[in-house]
Amino acid sequence: MRRLSVTAVVLVLAIVGTAAQPQRTARADSAEAATAKRFAAIRNDPLALLAFLREMPKGGDLHNHLSGAVYAEKFLRWGADDKLCLATTAIAIVACDGKTPQVPLADVMENQSTYSALYNQAIDALSMRHWPETVNGHDHFFQAFAKFGSTSSKTGEMLADVTSRAAAERVSYLELMLTPAGTAAFAASQNVAWDATIPLTQLLPQVRDRIMDGGKFSAAVKAEALDRLTKAEARRRDLLKCGTPAEDAGCGVTVRYIAQVGRGGALAQVFALMLAGFELASAATPVVSLNLVQAEDDPNALGNFRLHMSMLDFLHARYPTVPITLHAGELTEGLVPPDALRFHIRESVVNGHAARIGHGVDIFNEDDPFALLRDMAAKKVLVEIALSSNDHILGVKGKRHPLRMYLQHGVPVTLVTDDMGVARSSHTQEYLKAVEEQDLDYPTLKRMVRNSIEYAFADSATKARLKSDLESALTAFERLQSARAPKS
Ligand SMILES: [Zn+2]
């Protein structure tokens, strides 16, 4: 009876659906199963696994700070091209002013026999390479950013670099974090007093009106962001020879931007940066969202956390279509007092209106974490998982990392690189960690890849194209892998 009814269902499906559809699905299913089988067979063979993961289409990277994505060697090369110096005590790229002991970077790059030790020391200072366990990883990580020299003039070079590498690792979409209109936002915040004696319900509209200054703020942030991003995109196309027969595969990588809001600054400045992010993401610009950045344990970030969420709550009501992603729960026991671990993720989701959160590492220190997990699963709040970053900055990895708990509770997740240049990581390395340290299987990795496009903030037409491209790439990948799968 059972066999008969199954046959009947299959027959009905074949009649109702198109004739070709079930056949194609069945073939895809068997290729997926064979790929999962091959994955299971090689998962303990590090080199075969690396080759598999490198070749696997990975969709997008939704949490990627542009300057942090660049390897130190590039900053040193660009510094030499721009006639900058290397400060030999602080080990940082600086203007050549002779005020501190320094060597022209061009000399360092050209006389490797003399300067190889200094060159290597510089790479270590600008990244987590050879980071000694005796040095606090959190501080070494955040201090590295101050040593790059000025990055704003190199946006095009950085774009070319990260998109070229993304394509080589089969990543087709990047949401890159940068501060696209920092000058305009900073200038506008300078004339605004933050009067804490005024109730927030009056203060926030008042500060917003003052910063907006009619239409002046909106025009200024759009002009600054579009000027910088248009020039950078043109430079990227030039460097990658896009549109020529010699074009780099990086030309095919779709890029959108997320406006950074430095959360450690003065309140008026934080508000102005948020407002700039909302203005840009609600206008016709490639900026799609905003995110609070800088160490979550910074004293200002901690002290003003709830106030920052109130600012977002206020602005979200005025720009309800702008999606928000927030670094939340990038904390761990001992880094901050226990009270600070109890509410950041929930507040970010509830009051900050975050559609996605970055890290979410300390979720089991939140009040009623299981209710929060249920809520995040129901609302489909995606967690951007950054395994290398969490290990370096927080010392959280392996079983102490909550990735598997998010998966078990049905909270959507995806793998991200955060600052792969500083971390000396790559898209592939993050997948490798997910397998080796988190014990994930192929179907879970594939689900995370699909989430990286499903939860992207790009417009719906772009997402539809990216999704279709990803499915084609996955189908081709699985056919290739199934041909290599064990036969038994
Ligand atoms: Zn981040």
# chains A, B, ... in the order shown; residues from 1 in each chain; ligands from 1
$ residues_around --residues "stretch 69-80 of chain A" --least-positions-apart "3" --cutoff "9 Å" --atoms "only C-alpha atoms" --output "ChimeraX atom specification"
/A:64-66,83-86,93-94,104-109,119,122-127,148-149,151,154,157-158,161-162,417-426
$ write_last_selection --atoms "N, CA and C atoms" --output "tab-separated table (two decimals), in the first residue's frame"
chain	number	residue	atom	x	y	z
A	64	ASN	N	32.78	42.79	6.33
A	64	ASN	CA	34.14	42.90	5.82
A	64	ASN	C	34.54	44.38	5.87
A	65	HIS	N	35.42	44.73	6.81
A	65	HIS	CA	35.89	46.12	6.92
A	65	HIS	C	36.97	46.30	5.85
A	66	LEU	N	36.76	47.24	4.95
A	66	LEU	CA	37.64	47.33	3.78
A	66	LEU	C	39.12	47.46	4.16
A	83	LYS	N	55.74	57.85	-1.09
A	83	LYS	CA	56.88	58.48	-0.42
A	83	LYS	C	56.63	58.70	1.08
A	84	LEU	N	56.04	57.71	1.72
A	84	LEU	CA	55.84	57.77	3.16
A	84	LEU	C	56.99	57.07	3.86
A	85	CYS	N	57.02	57.18	5.18
A	85	CYS	CA	58.11	56.58	5.96
A	85	CYS	C	57.56	55.52	6.91
A	86	LEU	N	58.48	54.71	7.43
A	86	LEU	CA	58.13	53.75	8.47
A	86	LEU	C	58.76	54.23	9.77
A	93	ILE	N	53.22	53.34	9.59
A	93	ILE	CA	53.43	54.14	8.37
A	93	ILE	C	53.07	55.59	8.69
A	94	VAL	N	54.01	56.49	8.46
A	94	VAL	CA	53.81	57.90	8.82
A	94	VAL	C	54.31	58.81	7.69
A	104	PRO	N	62.54	56.00	5.06
A	104	PRO	CA	61.62	56.05	3.91
A	104	PRO	C	61.20	54.63	3.52
A	105	LEU	N	59.89	54.43	3.31
A	105	LEU	CA	59.41	53.09	2.97
A	105	LEU	C	60.00	52.58	1.66
A	106	ALA	N	60.28	53.52	0.74
A	106	ALA	CA	60.88	53.11	-0.54
A	106	ALA	C	62.22	52.41	-0.28
A	107	ASP	N	62.99	52.92	0.70
A	107	ASP	CA	64.28	52.28	1.02
A	107	ASP	C	64.04	50.88	1.58
A	108	VAL	N	63.03	50.78	2.48
A	108	VAL	CA	62.73	49.48	3.10
A	108	VAL	C	62.37	48.47	2.02
A	109	MET	N	61.54	48.90	1.05
A	109	MET	CA	61.07	47.98	0.02
A	109	MET	C	62.18	47.62	-0.97
A	119	TYR	N	61.20	45.13	7.77
A	119	TYR	CA	60.04	44.86	6.92
A	119	TYR	C	59.13	43.81	7.59
A	122	ALA	N	57.38	45.14	10.54
A	122	ALA	CA	56.25	45.99	10.15
A	122	ALA	C	55.02	45.14	9.82
A	123	ILE	N	55.22	44.06	9.08
A	123	ILE	CA	54.08	43.18	8.76
A	123	ILE	C	53.46	42.64	10.05
A	124	ASP	N	54.30	42.24	10.99
A	124	ASP	CA	53.77	41.72	12.26
A	124	ASP	C	52.99	42.78	13.03
A	125	ALA	N	53.48	44.04	12.98
A	125	ALA	CA	52.82	45.12	13.72
A	125	ALA	C	51.49	45.50	13.09
A	126	LEU	N	51.42	45.37	11.76
A	126	LEU	CA	50.20	45.76	11.04
A	126	LEU	C	49.19	44.62	10.93
A	127	SER	N	49.49	43.51	11.60
A	127	SER	CA	48.59	42.35	11.49
A	127	SER	C	48.76	41.44	12.71
A	148	PHE	N	48.36	51.74	9.58
A	148	PHE	CA	48.30	51.59	8.12
A	148	PHE	C	48.69	52.85	7.37
A	149	GLY	N	48.70	54.01	8.06
A	149	GLY	CA	48.82	55.29	7.35
A	149	GLY	C	47.44	55.66	6.85
A	151	THR	N	44.30	55.66	4.72
A	151	THR	CA	43.76	54.69	3.77
A	151	THR	C	42.73	55.31	2.84
A	154	LYS	N	43.29	55.49	-0.81
A	154	LYS	CA	43.59	54.21	-1.48
A	154	LYS	C	42.35	53.34	-1.64
A	157	GLU	N	42.43	51.24	-4.79
A	157	GLU	CA	43.42	50.16	-4.73
A	157	GLU	C	42.91	49.03	-3.83
A	158	MET	N	42.31	49.43	-2.70
A	158	MET	CA	41.81	48.42	-1.76
A	158	MET	C	40.67	47.62	-2.39
A	161	ASP	N	42.03	45.15	-4.84
A	161	ASP	CA	42.69	44.06	-4.11
A	161	ASP	C	41.66	43.06	-3.55
A	162	VAL	N	40.65	43.57	-2.85
A	162	VAL	CA	39.72	42.63	-2.19
A	162	VAL	C	38.79	41.94	-3.19
A	417	THR	N	34.48	37.39	7.10
A	417	THR	CA	35.92	37.48	7.38
A	417	THR	C	36.26	38.58	8.38
A	418	ASP	N	35.40	39.58	8.56
A	418	ASP	CA	35.63	40.71	9.47
A	418	ASP	C	36.83	41.55	9.02
A	419	ASP	N	38.05	41.12	9.36
A	419	ASP	CA	39.26	41.88	8.99
A	419	ASP	C	40.32	40.88	8.53
A	420	MET	N	40.12	40.31	7.37
A	420	MET	CA	40.98	39.17	7.01
A	420	MET	C	42.44	39.56	6.77
A	421	GLY	N	42.71	40.81	6.41
A	421	GLY	CA	44.10	41.22	6.22
A	421	GLY	C	44.83	41.26	7.54
A	422	VAL	N	44.21	41.88	8.53
A	422	VAL	CA	44.82	41.95	9.86
A	422	VAL	C	44.93	40.54	10.45
A	423	ALA	N	43.89	39.74	10.25
A	423	ALA	CA	43.86	38.39	10.83
A	423	ALA	C	44.73	37.41	10.03
A	424	ARG	N	45.25	37.83	8.87
A	424	ARG	CA	46.01	36.98	7.94
A	424	ARG	C	45.17	35.76	7.57
A	425	SER	N	43.88	36.01	7.34
A	425	SER	CA	42.96	34.94	6.99
A	425	SER	C	42.48	35.12	5.56
A	426	SER	N	41.47	34.38	5.16
A	426	SER	CA	40.89	34.47	3.82
A	426	SER	C	39.48	33.92	3.92
$ residues_near_ligand --ligand "ligand 1" --cutoff "12 Å" --atoms "only C-alpha atoms and all ligand atoms" --output "CSV table (one decimal) with N, CA and C atoms, in the first residue's frame"
chain,number,residue,atom,x,y,z
A,61,ASP,N,30.3,37.9,1.2
A,61,ASP,CA,30.9,38.1,2.5
A,61,ASP,C,30.2,39.4,3.1
A,62,LEU,N,29.4,39.2,4.1
A,62,LEU,CA,28.5,40.3,4.5
A,62,LEU,C,29.1,41.2,5.7
A,63,HIS,N,30.3,40.8,6.1
A,63,HIS,CA,30.9,41.6,7.2
A,63,HIS,C,32.4,41.7,6.9
A,64,ASN,N,32.8,42.8,6.3
A,64,ASN,CA,34.1,42.9,5.8
A,64,ASN,C,34.5,44.4,5.9
A,65,HIS,N,35.4,44.7,6.8
A,65,HIS,CA,35.9,46.1,6.9
A,65,HIS,C,37.0,46.3,5.9
A,66,LEU,N,36.8,47.2,4.9
A,66,LEU,CA,37.6,47.3,3.8
A,66,LEU,C,39.1,47.5,4.2
A,67,SER,N,39.5,48.4,5.0
A,67,SER,CA,40.9,48.6,5.3
A,67,SER,C,41.4,47.4,6.1
A,68,GLY,N,40.6,46.7,6.9
A,68,GLY,CA,41.1,45.5,7.6
A,68,GLY,C,41.2,44.3,6.7
A,69,ALA,N,40.7,44.4,5.5
A,69,ALA,CA,40.7,43.2,4.6
A,69,ALA,C,42.0,43.2,3.9
A,141,PHE,N,45.3,43.8,17.9
A,141,PHE,CA,44.4,43.8,16.8
A,141,PHE,C,43.9,45.2,16.5
A,142,PHE,N,43.3,45.9,17.5
A,142,PHE,CA,42.8,47.2,17.2
A,142,PHE,C,43.9,48.3,16.9
A,175,GLU,N,29.8,43.0,0.9
A,175,GLU,CA,29.3,44.3,1.5
A,175,GLU,C,30.5,44.8,2.4
A,176,LEU,N,31.1,45.9,1.9
A,176,LEU,CA,32.3,46.4,2.5
A,176,LEU,C,32.0,47.6,3.4
A,177,MET,N,32.6,47.5,4.6
A,177,MET,CA,32.4,48.6,5.5
A,177,MET,C,33.5,49.7,5.4
A,178,LEU,N,33.1,50.9,5.3
A,178,LEU,CA,34.0,52.1,5.3
A,178,LEU,C,33.2,53.3,5.8
A,258,ILE,N,28.6,49.5,3.4
A,258,ILE,CA,27.9,49.7,4.7
A,258,ILE,C,28.7,50.9,5.4
A,260,GLN,N,30.1,53.0,8.2
A,260,GLN,CA,30.5,52.8,9.6
A,260,GLN,C,30.2,54.0,10.4
A,261,VAL,N,29.8,53.6,11.7
A,261,VAL,CA,29.6,54.7,12.7
A,261,VAL,C,30.5,54.4,13.8
A,262,GLY,N,31.6,55.2,14.0
A,262,GLY,CA,32.5,55.0,15.1
A,262,GLY,C,31.7,55.2,16.4
A,290,LEU,N,24.0,50.6,7.6
A,290,LEU,CA,25.0,51.2,8.5
A,290,LEU,C,25.3,50.2,9.6
A,291,ASN,N,26.4,50.4,10.3
A,291,ASN,CA,26.9,49.5,11.3
A,291,ASN,C,27.7,50.3,12.3
A,292,LEU,N,27.5,50.0,13.6
A,292,LEU,CA,28.3,50.6,14.7
A,292,LEU,C,29.6,49.9,14.7
A,293,VAL,N,30.7,50.6,14.7
A,293,VAL,CA,32.0,49.9,14.7
A,293,VAL,C,32.9,50.5,15.9
A,294,GLN,N,34.1,50.0,16.0
A,294,GLN,CA,35.1,50.2,17.1
A,294,GLN,C,34.7,49.2,18.2
A,295,ALA,N,35.7,49.0,19.0
A,295,ALA,CA,35.6,47.9,20.1
A,295,ALA,C,34.4,48.2,20.9
A,296,GLU,N,33.6,47.1,21.0
A,296,GLU,CA,32.3,47.2,21.8
A,296,GLU,C,32.6,47.4,23.3
A,325,THR,N,22.6,46.6,10.4
A,325,THR,CA,23.4,45.5,10.9
A,325,THR,C,24.3,46.1,12.0
A,326,LEU,N,24.4,45.3,13.1
A,326,LEU,CA,25.1,45.9,14.3
A,326,LEU,C,26.1,44.9,14.8
A,327,HIS,N,27.3,45.4,15.1
A,327,HIS,CA,28.2,44.6,15.9
A,327,HIS,C,27.6,44.4,17.3
A,328,ALA,N,27.3,43.2,17.7
A,328,ALA,CA,26.6,43.1,19.0
A,328,ALA,C,27.1,41.8,19.7
A,329,GLY,N,27.5,41.9,20.9
A,329,GLY,CA,27.9,40.7,21.6
A,329,GLY,C,29.3,40.2,21.2
A,330,GLU,N,30.1,41.2,20.8
A,330,GLU,CA,31.6,40.9,20.5
A,330,GLU,C,32.3,41.1,21.8
A,357,ILE,N,23.1,40.7,13.0
A,357,ILE,CA,24.1,41.2,14.0
A,357,ILE,C,25.5,40.5,13.7
A,358,GLY,N,26.5,41.3,14.0
A,358,GLY,CA,27.9,40.7,13.8
A,358,GLY,C,28.4,40.1,15.1
A,359,HIS,N,28.9,38.9,15.1
A,359,HIS,CA,29.6,38.2,16.2
A,359,HIS,C,28.6,37.5,17.1
A,360,GLY,N,27.9,38.2,18.0
A,360,GLY,CA,26.9,37.5,18.9
A,360,GLY,C,27.6,36.4,19.8
A,383,VAL,N,23.1,36.0,12.1
A,383,VAL,CA,24.3,36.3,12.8
A,383,VAL,C,25.5,36.1,11.8
A,384,GLU,N,26.3,37.1,11.7
A,384,GLU,CA,27.5,37.1,10.9
A,384,GLU,C,28.6,36.5,11.7
A,385,ILE,N,29.1,35.3,11.4
A,385,ILE,CA,30.0,34.6,12.3
A,385,ILE,C,31.5,34.8,11.8
A,386,ALA,N,32.3,35.3,12.7
A,386,ALA,CA,33.7,35.7,12.3
A,386,ALA,C,34.7,34.9,13.2
A,387,LEU,N,35.0,33.7,12.8
A,387,LEU,CA,35.7,32.7,13.6
A,387,LEU,C,37.1,33.2,14.0
A,388,SER,N,37.9,33.6,13.0
A,388,SER,CA,39.3,34.0,13.2
A,388,SER,C,39.3,35.3,14.1
A,389,SER,N,38.5,36.2,13.8
A,389,SER,CA,38.4,37.4,14.6
A,389,SER,C,38.0,37.1,16.1
A,390,ASN,N,37.1,36.3,16.3
A,390,ASN,CA,36.7,36.0,17.7
A,390,ASN,C,37.8,35.3,18.4
A,393,ILE,N,40.6,38.3,18.9
A,393,ILE,CA,40.3,39.4,19.8
A,393,ILE,C,39.7,39.0,21.2
A,416,VAL,N,31.8,35.1,7.8
A,416,VAL,CA,32.3,36.3,7.3
A,416,VAL,C,33.8,36.4,7.7
A,417,THR,N,34.5,37.4,7.1
A,417,THR,CA,35.9,37.5,7.4
A,417,THR,C,36.3,38.6,8.4
A,418,ASP,N,35.4,39.6,8.6
A,418,ASP,CA,35.6,40.7,9.5
A,418,ASP,C,36.8,41.6,9.0
A,419,ASP,N,38.0,41.1,9.4
A,419,ASP,CA,39.3,41.9,9.0
A,419,ASP,C,40.3,40.9,8.5
A,420,MET,N,40.1,40.3,7.4
A,420,MET,CA,41.0,39.2,7.0
A,420,MET,C,42.4,39.6,6.8
A,422,VAL,N,44.2,41.9,8.5
A,422,VAL,CA,44.8,41.9,9.9
A,422,VAL,C,44.9,40.5,10.5
A,423,ALA,N,43.9,39.7,10.3
A,423,ALA,CA,43.9,38.4,10.8
A,423,ALA,C,44.7,37.4,10.0
$ select_by_dssp --residues "stretch 301-434 of chain A" --states "strand (DSSP E or B)" --output "mmCIF file with C-alpha atoms, in the first residue's frame"
data_model
loop_
_atom_site.group_PDB
_atom_site.id
_atom_site.type_symbol
_atom_site.label_atom_id
_atom_site.label_comp_id
_atom_site.auth_asym_id
_atom_site.auth_seq_id
_atom_site.Cartn_x
_atom_site.Cartn_y
_atom_site.Cartn_z
ATOM 1 C CA ILE A 324 20.562 47.870 9.931
ATOM 2 C CA THR A 325 23.371 45.513 10.936
ATOM 3 C CA LEU A 326 25.136 45.886 14.278
ATOM 4 C CA HIS A 327 28.250 44.551 15.949
ATOM 5 C CA ALA A 328 26.647 43.057 19.045
ATOM 6 C CA GLU A 333 33.672 37.016 30.216
ATOM 7 C CA VAL A 336 34.020 43.708 30.650
ATOM 8 C CA ALA A 354 19.164 45.102 13.654
ATOM 9 C CA ALA A 355 18.183 42.795 10.796
ATOM 10 C CA ARG A 356 21.613 41.178 11.200
ATOM 11 C CA ILE A 357 24.132 41.165 14.015
ATOM 12 C CA GLY A 358 27.891 40.745 13.843
ATOM 13 C CA HIS A 359 29.560 38.217 16.191
ATOM 14 C CA LEU A 382 21.091 36.574 10.783
ATOM 15 C CA VAL A 383 24.323 36.279 12.773
ATOM 16 C CA GLU A 384 27.520 37.123 10.884
ATOM 17 C CA ILE A 385 30.022 34.584 12.257
ATOM 18 C CA VAL A 413 24.075 32.270 10.223
ATOM 19 C CA THR A 414 26.737 32.906 7.626
ATOM 20 C CA LEU A 415 30.531 32.979 7.688
ATOM 21 C CA ASP A 418 35.625 40.708 9.471
#
$ closest_atom_pairs --of "stretch 303-350 of chain A" --to "stretch 189-206 of chain A" --cutoff "10 Å" --atoms "only C-alpha atoms" --output "Markdown table"
| residue | atom | partner | partner_atom | distance |
| --- | --- | --- | --- | --- |
| A:Leu307 | CA | A:Leu200 | CA | 9.1 |
| A:Ser310 | CA | A:Leu200 | CA | 8.5 |
| A:Met311 | CA | A:Leu204 | CA | 7.2 |
| A:Phe314 | CA | A:Leu204 | CA | 7.4 |
| A:Leu315 | CA | A:Leu204 | CA | 8.9 |
$ write_last_selection --atoms "N, CA and C atoms" --output "PDB file, in the first residue's frame"
ATOM      1  N   LEU A 307      21.955  54.425  24.914  1.00  0.00           N
ATOM      2  CA  LEU A 307      21.651  55.693  24.245  1.00  0.00           C
ATOM      3  C   LEU A 307      21.822  55.549  22.730  1.00  0.00           C
ATOM      4  N   SER A 310      18.826  53.957  21.414  1.00  0.00           N
ATOM      5  CA  SER A 310      17.692  54.901  21.338  1.00  0.00           C
ATOM      6  C   SER A 310      17.812  55.792  20.103  1.00  0.00           C
ATOM      7  N   MET A 311      19.044  56.185  19.777  1.00  0.00           N
ATOM      8  CA  MET A 311      19.253  56.984  18.556  1.00  0.00           C
ATOM      9  C   MET A 311      18.807  56.183  17.332  1.00  0.00           C
ATOM     10  N   PHE A 314      15.037  55.923  17.136  1.00  0.00           N
ATOM     11  CA  PHE A 314      14.487  57.187  16.650  1.00  0.00           C
ATOM     12  C   PHE A 314      14.664  57.323  15.133  1.00  0.00           C
ATOM     13  N   LEU A 315      15.873  57.035  14.649  1.00  0.00           N
ATOM     14  CA  LEU A 315      16.142  57.214  13.223  1.00  0.00           C
ATOM     15  C   LEU A 315      15.479  56.129  12.368  1.00  0.00           C
TER      16      LEU A 315
END
$ atom_distance --atom1 "atom CA of A:Thr475" --atom2 "atom CA of A:Arg450"
12.8 Å
$ residues_around --residues "A:His409" --least-positions-apart "3" --cutoff "12 Å" --atoms "only C-alpha atoms" --output "PDB file with N, CA and C atoms, in the first residue's frame"
ATOM      1  N   PRO A 369      18.756  33.661  27.490  1.00  0.00           N
ATOM      2  CA  PRO A 369      19.299  33.493  26.132  1.00  0.00           C
ATOM      3  C   PRO A 369      18.431  32.632  25.224  1.00  0.00           C
ATOM      4  N   PHE A 370      17.725  31.659  25.812  1.00  0.00           N
ATOM      5  CA  PHE A 370      16.937  30.773  24.943  1.00  0.00           C
ATOM      6  C   PHE A 370      15.735  31.508  24.350  1.00  0.00           C
ATOM      7  N   ALA A 371      15.145  32.421  25.133  1.00  0.00           N
ATOM      8  CA  ALA A 371      14.051  33.232  24.583  1.00  0.00           C
ATOM      9  C   ALA A 371      14.594  34.141  23.477  1.00  0.00           C
ATOM     10  N   LEU A 372      15.804  34.664  23.691  1.00  0.00           N
ATOM     11  CA  LEU A 372      16.422  35.531  22.680  1.00  0.00           C
ATOM     12  C   LEU A 372      16.701  34.739  21.395  1.00  0.00           C
ATOM     13  N   LEU A 373      17.220  33.516  21.550  1.00  0.00           N
ATOM     14  CA  LEU A 373      17.471  32.671  20.372  1.00  0.00           C
ATOM     15  C   LEU A 373      16.165  32.387  19.627  1.00  0.00           C
ATOM     16  N   ARG A 374      15.099  32.101  20.377  1.00  0.00           N
ATOM     17  CA  ARG A 374      13.789  31.848  19.733  1.00  0.00           C
ATOM     18  C   ARG A 374      13.325  33.088  18.970  1.00  0.00           C
ATOM     19  N   ASP A 375      13.509  34.237  19.608  1.00  0.00           N
ATOM     20  CA  ASP A 375      13.092  35.497  18.998  1.00  0.00           C
ATOM     21  C   ASP A 375      13.889  35.772  17.712  1.00  0.00           C
ATOM     22  N   MET A 376      15.200  35.547  17.784  1.00  0.00           N
ATOM     23  CA  MET A 376      16.049  35.783  16.606  1.00  0.00           C
ATOM     24  C   MET A 376      15.693  34.813  15.471  1.00  0.00           C
ATOM     25  N   ALA A 377      15.390  33.559  15.841  1.00  0.00           N
ATOM     26  CA  ALA A 377      15.002  32.580  14.819  1.00  0.00           C
ATOM     27  C   ALA A 377      13.673  32.995  14.181  1.00  0.00           C
ATOM     28  N   ALA A 378      12.734  33.436  15.021  1.00  0.00           N
ATOM     29  CA  ALA A 378      11.410  33.820  14.499  1.00  0.00           C
ATOM     30  C   ALA A 378      11.505  35.048  13.607  1.00  0.00           C
ATOM     31  N   LYS A 380      14.114  35.939  12.016  1.00  0.00           N
ATOM     32  CA  LYS A 380      15.158  35.681  11.011  1.00  0.00           C
ATOM     33  C   LYS A 380      16.262  36.738  11.061  1.00  0.00           C
ATOM     34  N   PRO A 402      29.631  30.062  20.088  1.00  0.00           N
ATOM     35  CA  PRO A 402      28.210  29.681  20.044  1.00  0.00           C
ATOM     36  C   PRO A 402      27.652  29.309  18.669  1.00  0.00           C
ATOM     37  N   LEU A 403      28.506  29.194  17.637  1.00  0.00           N
ATOM     38  CA  LEU A 403      27.979  28.924  16.292  1.00  0.00           C
ATOM     39  C   LEU A 403      27.021  27.738  16.267  1.00  0.00           C
ATOM     40  N   ARG A 404      27.425  26.624  16.891  1.00  0.00           N
ATOM     41  CA  ARG A 404      26.578  25.422  16.824  1.00  0.00           C
ATOM     42  C   ARG A 404      25.249  25.634  17.541  1.00  0.00           C
ATOM     43  N   MET A 405      25.255  26.451  18.591  1.00  0.00           N
ATOM     44  CA  MET A 405      23.992  26.706  19.298  1.00  0.00           C
ATOM     45  C   MET A 405      23.046  27.549  18.444  1.00  0.00           C
ATOM     46  N   TYR A 406      23.608  28.516  17.716  1.00  0.00           N
ATOM     47  CA  TYR A 406      22.761  29.288  16.798  1.00  0.00           C
ATOM     48  C   TYR A 406      22.132  28.339  15.768  1.00  0.00           C
ATOM     49  N   PRO A 412      19.478  31.961  11.626  1.00  0.00           N
ATOM     50  CA  PRO A 412      20.295  31.941  10.413  1.00  0.00           C
ATOM     51  C   PRO A 412      21.710  32.479  10.661  1.00  0.00           C
ATOM     52  N   VAL A 413      22.668  31.847  10.051  1.00  0.00           N
ATOM     53  CA  VAL A 413      24.075  32.270  10.223  1.00  0.00           C
ATOM     54  C   VAL A 413      24.783  32.242   8.874  1.00  0.00           C
TER      55      VAL A 413
END
$ closest_residue --among "A:Ala168, A:Cys96, A:Leu394, A:Ala281" --to "A:His140" --atoms "only C-alpha atoms"
A:Leu394
$ closest_residue --among "A:Arg165, A:Arg228, A:His401, A:His392" --to "A:Asp139" --atoms "only C-alpha atoms"
A:His392
$ residues_around --residues "A:Ser452" --least-positions-apart "3" --cutoff "6 Å" --atoms "only C-alpha atoms" --output "NGL selection string"
:A and (59-60 or 414 or 449 or 455)
$ decode --residues "stretch 455-470 of chain A" --atoms "N, CA and C atoms" --output "mmCIF file, in the first residue's frame"
data_model
loop_
_atom_site.group_PDB
_atom_site.id
_atom_site.type_symbol
_atom_site.label_atom_id
_atom_site.label_comp_id
_atom_site.auth_asym_id
_atom_site.auth_seq_id
_atom_site.Cartn_x
_atom_site.Cartn_y
_atom_site.Cartn_z
ATOM 1 N N TYR A 455 20.407 36.984 2.786
ATOM 2 C CA TYR A 455 20.336 38.049 3.793
ATOM 3 C C TYR A 455 21.152 39.287 3.399
ATOM 4 N N ALA A 456 21.592 39.339 2.144
ATOM 5 C CA ALA A 456 22.325 40.519 1.668
ATOM 6 C C ALA A 456 21.375 41.712 1.623
ATOM 7 N N PHE A 457 21.946 42.906 1.708
ATOM 8 C CA PHE A 457 21.135 44.127 1.692
ATOM 9 C C PHE A 457 21.037 44.762 0.295
ATOM 10 N N ALA A 458 21.552 44.097 -0.710
ATOM 11 C CA ALA A 458 21.448 44.638 -2.078
ATOM 12 C C ALA A 458 19.975 44.666 -2.495
ATOM 13 N N ASP A 459 19.652 45.454 -3.521
ATOM 14 C CA ASP A 459 18.266 45.541 -4.012
ATOM 15 C C ASP A 459 17.813 44.181 -4.549
ATOM 16 N N SER A 460 16.500 44.018 -4.690
ATOM 17 C CA SER A 460 15.968 42.691 -5.009
ATOM 18 C C SER A 460 16.400 42.190 -6.391
ATOM 19 N N ALA A 461 16.538 43.072 -7.367
ATOM 20 C CA ALA A 461 16.957 42.617 -8.701
ATOM 21 C C ALA A 461 18.393 42.079 -8.654
ATOM 22 N N THR A 462 19.271 42.805 -7.925
ATOM 23 C CA THR A 462 20.663 42.356 -7.795
ATOM 24 C C THR A 462 20.717 41.022 -7.053
ATOM 25 N N LYS A 463 19.900 40.901 -6.011
ATOM 26 C CA LYS A 463 19.889 39.650 -5.244
ATOM 27 C C LYS A 463 19.399 38.480 -6.087
ATOM 28 N N ALA A 464 18.386 38.744 -6.917
ATOM 29 C CA ALA A 464 17.855 37.671 -7.769
ATOM 30 C C ALA A 464 18.949 37.184 -8.727
ATOM 31 N N ARG A 465 19.706 38.122 -9.279
ATOM 32 C CA ARG A 465 20.807 37.750 -10.187
ATOM 33 C C ARG A 465 21.888 36.957 -9.445
ATOM 34 N N LEU A 466 22.269 37.471 -8.257
ATOM 35 C CA LEU A 466 23.309 36.795 -7.474
ATOM 36 C C LEU A 466 22.873 35.383 -7.069
ATOM 37 N N LYS A 467 21.587 35.262 -6.705
ATOM 38 C CA LYS A 467 21.056 33.951 -6.304
ATOM 39 C C LYS A 467 21.110 32.964 -7.460
ATOM 40 N N SER A 468 20.667 33.441 -8.623
ATOM 41 C CA SER A 468 20.642 32.570 -9.790
ATOM 42 C C SER A 468 22.076 32.154 -10.176
ATOM 43 N N ASP A 469 23.006 33.125 -10.135
ATOM 44 C CA ASP A 469 24.414 32.803 -10.435
ATOM 45 C C ASP A 469 24.968 31.794 -9.428
ATOM 46 N N LEU A 470 24.613 31.986 -8.157
ATOM 47 C CA LEU A 470 25.121 31.088 -7.115
ATOM 48 C C LEU A 470 24.596 29.675 -7.329
#
